[in-house]
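Report on the structure given below.
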Amino acid sequence: MNNISCVIIAKNAAGSLPKTLDSLADFSEVVVYDNGSTDATKEIARQYANVKLVCGEFFGFGETKNHAASFASHDWILSLDADEVITPELLDAIASAELQPGKVYRLVRVNYYRDHEIRYCWKQEHLTRLYHRGETSFNDFKVHEFVLDDGFDVVVLDGILKHYPYSNLSDFLQKADRYSTLFAQERCGKKQSSPAKAVMSAWFSFLKKYLFKLGFLDGYPGLVISVSHMVTNFYKYLKLYEANKDRTALRKPEV
């Protein structure tokens with residue numbers, strides 16, 4: 001692990017960060033890029049000997065992750081979120097991987113609500129997270145960012161990355177507000193929206209998660225997740241609608 005820097009961006013992650021950092025004890029360097037925490041996130045990061053704490057601004061997820069990676073000592077970057085935990089099997093796979101130019105490495109991520117594994121609303125994901133920063137990087141998307149891996153030999157590593165994105169209902173509400181704002185900012189002036197589109201998108205997202213993807217089989221968490229997606233999509237398109245109206249009003253010449 002001495003030639004890999006693990007890079008994490010974090011904001012108000014005190015509830016999940018200890019479990020994440022505990023799983024990274026074998027890495028010689030973990031960069032935690034704090035972008036405005038008001039809880040104990042920074043204090044927690046300082047307790048770990050292998051953590052380099054950096055404080056800075058948030059520019060959107062893609063750009064911020066690339067900026068955070070610039071503080072790493074090594075060119076091979078393992079990008080994690082502050083609510084993800086590496087299992088021992090995945091740790092072994094990373095340690096034994098023969099890192100080579102022209103290759104990127106994907107992790108298999110399983111999602112949880114609290115300690116309940118979500119099998120239907122959220123499927124297993126294959127995410128490119130281990131890469132050479134001299135060869136590729138994240139795109140600059142404000143949300144739904146990903147590592148650019150077209151043209152690379154993609155290797156899927158054994159083991160599981162456990163993802164704990166929500167610990168309670170308040171987390172859903174906070175993230176719905178944050179992600180919908182970033183969505184509107186990124187698309188303002190580029191995409192059109194309307195109240196009708198907001199309503200239709202919201203209902204379709206609920207039906208898709210809860211019925212078509214069998215989210216009801218996830219029980220209570222499936223209902224919570226499906227409603228959260230509905231709310232997020234409703235506000236995404238309403239915020240975009242308002243942002244476009246405000247932009248038009250600002251550009252309208254005075255009579």
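Simple scheme: letters A, B, ... for chains in structure tokens order, numbers from 1 for residues in each chain, numbers from 1 for ligands in the order shown.
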Selection: 9 Å around Ser228 (chain A), only C-alpha atoms, excl. self and same-chain fewer than 2 positions, as an MDAnalysis selection string: chainID A and resid 172:173 176 206 223:226 230:233
Next, write the just-selected residues to a file, as a tab-separated table (two decimals), in the first residue's frame, keeping all heavy atoms as the atom set.
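Produced file result-v6.tsv, reproduced below:
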chain	number	residue	atom	x	y	z
A	172	PHE	N	-31.32	11.93	4.35
A	172	PHE	CA	-31.99	11.95	3.05
A	172	PHE	C	-32.41	13.37	2.68
A	172	PHE	O	-32.22	13.82	1.54
A	172	PHE	CB	-33.23	11.05	3.07
A	172	PHE	CG	-32.94	9.59	2.90
A	172	PHE	CD1	-32.94	8.74	3.99
A	172	PHE	CD2	-32.68	9.06	1.65
A	172	PHE	CE1	-32.67	7.39	3.84
A	172	PHE	CE2	-32.41	7.71	1.49
A	172	PHE	CZ	-32.41	6.87	2.59
A	173	LEU	N	-32.98	14.09	3.65
A	173	LEU	CA	-33.46	15.44	3.38
A	173	LEU	C	-32.31	16.39	3.05
A	173	LEU	O	-32.40	17.21	2.13
A	173	LEU	CB	-34.26	15.96	4.58
A	173	LEU	CG	-35.54	15.18	4.91
A	173	LEU	CD1	-36.16	15.68	6.21
A	173	LEU	CD2	-36.54	15.30	3.76
A	176	ALA	N	-30.90	15.51	-0.38
A	176	ALA	CA	-31.84	15.88	-1.43
A	176	ALA	C	-31.71	17.37	-1.75
A	176	ALA	O	-31.71	17.78	-2.91
A	176	ALA	CB	-33.26	15.54	-1.02
A	206	PHE	N	-40.32	7.42	-8.36
A	206	PHE	CA	-40.87	6.58	-7.29
A	206	PHE	C	-41.33	5.24	-7.83
A	206	PHE	O	-41.00	4.18	-7.26
A	206	PHE	CB	-42.04	7.29	-6.60
A	206	PHE	CG	-42.71	6.43	-5.56
A	206	PHE	CD1	-42.16	6.30	-4.29
A	206	PHE	CD2	-43.87	5.73	-5.85
A	206	PHE	CE1	-42.76	5.49	-3.34
A	206	PHE	CE2	-44.48	4.92	-4.91
A	206	PHE	CZ	-43.92	4.80	-3.64
A	223	LEU	N	-39.03	1.74	0.96
A	223	LEU	CA	-40.01	2.82	0.89
A	223	LEU	C	-39.33	4.17	1.10
A	223	LEU	O	-39.57	5.13	0.36
A	223	LEU	CB	-41.11	2.61	1.94
A	223	LEU	CG	-42.15	3.72	2.04
A	223	LEU	CD1	-42.93	3.84	0.73
A	223	LEU	CD2	-43.09	3.46	3.22
A	224	VAL	N	-38.46	4.25	2.10
A	224	VAL	CA	-37.76	5.50	2.41
A	224	VAL	C	-36.91	5.94	1.21
A	224	VAL	O	-36.93	7.11	0.82
A	224	VAL	CB	-36.88	5.33	3.65
A	224	VAL	CG1	-35.99	6.55	3.86
A	224	VAL	CG2	-37.74	5.09	4.89
A	225	ILE	N	-36.18	5.01	0.63
A	225	ILE	CA	-35.30	5.33	-0.50
A	225	ILE	C	-36.12	5.77	-1.71
A	225	ILE	O	-35.78	6.76	-2.40
A	225	ILE	CB	-34.43	4.11	-0.86
A	225	ILE	CG1	-33.43	3.85	0.27
A	225	ILE	CG2	-33.70	4.33	-2.18
A	225	ILE	CD1	-32.77	2.49	0.18
A	226	SER	N	-37.21	5.09	-1.99
A	226	SER	CA	-38.04	5.43	-3.15
A	226	SER	C	-38.66	6.81	-3.01
A	226	SER	O	-38.68	7.59	-3.97
A	226	SER	CB	-39.13	4.37	-3.34
A	226	SER	OG	-38.57	3.09	-3.56
A	230	MET	N	-37.99	10.32	-5.17
A	230	MET	CA	-39.10	11.11	-5.69
A	230	MET	C	-38.94	12.58	-5.29
A	230	MET	O	-39.05	13.48	-6.14
A	230	MET	CB	-40.43	10.56	-5.15
A	230	MET	CG	-41.64	11.35	-5.62
A	230	MET	SD	-43.20	10.63	-5.03
A	230	MET	CE	-43.09	11.04	-3.28
A	231	VAL	N	-38.65	12.82	-4.02
A	231	VAL	CA	-38.49	14.19	-3.53
A	231	VAL	C	-37.30	14.89	-4.21
A	231	VAL	O	-37.39	16.05	-4.63
A	231	VAL	CB	-38.31	14.18	-2.00
A	231	VAL	CG1	-37.89	15.56	-1.49
A	231	VAL	CG2	-39.59	13.73	-1.32
A	232	THR	N	-36.19	14.16	-4.32
A	232	THR	CA	-35.00	14.75	-4.94
A	232	THR	C	-35.27	15.16	-6.38
A	232	THR	O	-34.91	16.26	-6.80
A	232	THR	CB	-33.83	13.75	-4.90
A	232	THR	OG1	-33.54	13.41	-3.54
A	232	THR	CG2	-32.59	14.36	-5.54
A	233	ASN	N	-35.93	14.30	-7.14
A	233	ASN	CA	-36.22	14.62	-8.53
A	233	ASN	C	-37.21	15.78	-8.64
A	233	ASN	O	-37.08	16.64	-9.54
A	233	ASN	CB	-36.77	13.40	-9.27
A	233	ASN	CG	-35.67	12.51	-9.80
A	233	ASN	OD1	-35.10	12.77	-10.85
A	233	ASN	ND2	-35.33	11.48	-9.06
Per DSSP on the backbone, filter region 2-241 of chain A down to the residues in strand (DSSP E or B) and report them as an MDAnalysis selection string. chainID A and resid 4:10 29:34 51:55 76:81 84:86 103:113 116:117 125:132 138 147 153:166
Under the rule that only C-alpha atoms are counted, which of A:Ile9, A:Leu78, A:Ile94, A:Val104 is the nearest residue to Thr136 (chain A)?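 Of all the options, A:Val104 lies closest to Thr136 (chain A).
Each of A:Ala13, A:Ile4, A:Cys188, A:Ala40 was compared to Glu242 (chain A) using only C-alpha atoms, and A:Cys188 turns out to be the nearest.
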Contacts of region 213-215 of chain A at 6 Å or less, counting only C-alpha atoms, minus same-chain residues fewer than 6 places along, as a compact mmCIF listing (two decimals) with N, CA, C and O atoms, in the first residue's frame?
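That gives us part.txt:
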# COMPACT_ATOMS: atom_id res chain seq x y z
N TYR A 120 -32.51 -4.22 -3.85
CA TYR A 120 -33.37 -3.96 -4.99
C TYR A 120 -33.37 -2.49 -5.42
O TYR A 120 -33.13 -2.18 -6.58
N CYS A 121 -33.66 -1.59 -4.48
CA CYS A 121 -33.64 -0.17 -4.84
C CYS A 121 -32.28 0.24 -5.38
O CYS A 121 -32.18 1.00 -6.35
N GLY A 222 -36.72 0.33 1.64
CA GLY A 222 -37.09 0.50 0.24
C GLY A 222 -38.09 1.62 0.04
O GLY A 222 -38.01 2.38 -0.94
Atomic distance CA of Leu157 (chain A) - CA of His144 (chain A), expressed in Å with one decimal: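 Distance reported for this atom pair: 21.8 Å.
The gap separating CA of Arg106 (chain A) from CA of Asp26 (chain A) is 19.4 Å, in Å to one decimal.
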Point out the residue among A:Gly102, A:Phe61, A:Leu127, A:Lys19 with the least atom-to-atom distance to Gly151 (chain A), counting only C-alpha atoms.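 Between A:Gly102, A:Phe61, A:Leu127, A:Lys19, the residue approaching Gly151 (chain A) most closely is A:Gly102.
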Which residue, A:Ala10, A:Ala25, A:Ala202, A:Val147, has the smallest gap to Asn66 (chain A) when you use only C-alpha atoms?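 That would be A:Val147, the residue with the smallest distance to Asn66 (chain A).
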Contacts of Leu130 (chain A) at 12 Å or less, counting only C-alpha atoms, minus same-chain residues fewer than 4 places along, as a ChimeraX atom specification? /A:3-7,69,75-80,93-95,97-101,103-108,126,135-138,146-149,154-157
Region 162-167 of chain A environment, 9 Å, only C-alpha atoms, sequence neighbours closer than 3 positions dropped, as JSON, numbers by chain: {"A": [15, 16, 81, 82, 83, 84, 85, 86, 87, 108, 109, 110, 111, 112, 113, 114, 115, 170, 171, 172]}
Can you list, as a PDB file with N, CA, C and O atoms, in the first residue's frame, every protein, DNA or RNA residue that comes within 9 Å of Phe58 (chain A) when you count only C-alpha atoms, leaving out same-chain residues fewer than 6 positions away?
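Contents of around_7.pdb, freshly written:
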ATOM      1  N   ASP A  34     -11.221  18.282   3.685  1.00  0.00           N
ATOM      2  CA  ASP A  34     -12.420  18.780   4.349  1.00  0.00           C
ATOM      3  C   ASP A  34     -12.876  20.075   3.686  1.00  0.00           C
ATOM      4  O   ASP A  34     -12.114  21.024   3.558  1.00  0.00           O
ATOM      5  N   ASN A  35     -14.129  20.095   3.264  1.00  0.00           N
ATOM      6  CA  ASN A  35     -14.650  21.284   2.585  1.00  0.00           C
ATOM      7  C   ASN A  35     -15.784  21.936   3.377  1.00  0.00           C
ATOM      8  O   ASN A  35     -16.912  22.008   2.953  1.00  0.00           O
ATOM      9  N   GLY A  36     -15.423  22.404   4.569  1.00  0.00           N
ATOM     10  CA  GLY A  36     -16.360  23.225   5.327  1.00  0.00           C
ATOM     11  C   GLY A  36     -17.117  22.536   6.435  1.00  0.00           C
ATOM     12  O   GLY A  36     -18.231  22.955   6.771  1.00  0.00           O
ATOM     13  N   THR A  64     -13.722  18.860  -7.252  1.00  0.00           N
ATOM     14  CA  THR A  64     -13.179  18.802  -5.881  1.00  0.00           C
ATOM     15  C   THR A  64     -12.368  17.538  -5.668  1.00  0.00           C
ATOM     16  O   THR A  64     -11.308  17.567  -5.025  1.00  0.00           O
TER      17      THR A  64
END
Would you kindly return, as a list of chain:residue names, each protein, DNA or RNA residue with an atom no farther than 8 Å from any atom of Asn2 (chain A), considering only C-alpha atoms and excluding same-chain residues fewer than 4 positions away?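 Listing them by chain and then by number gives A:Phe27, A:Ser28, A:Glu29.
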Please report, as a ChimeraX atom specification, each residue of region 57-144 of chain A to which DSSP assigns helix (DSSP H, G or I) when run on this structure's backbone. /A:61-69,88-96
Pick from A:Ala14, A:Met1, A:Ala249, A:Leu217 nearest to Ser37 (chain A), counting only C-alpha atoms: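 Result for the nearest residue to Ser37 (chain A): A:Ala14.
One finds CA of Thr181 (chain A) at 15.3 Å from CA of Glu145 (chain A).
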Which residue out of A:His229, A:Glu63, A:Leu238, A:Arg247 has the minimum interatomic distance to Phe204 (chain A) when only C-alpha atoms are used?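 Closest candidate: A:His229.
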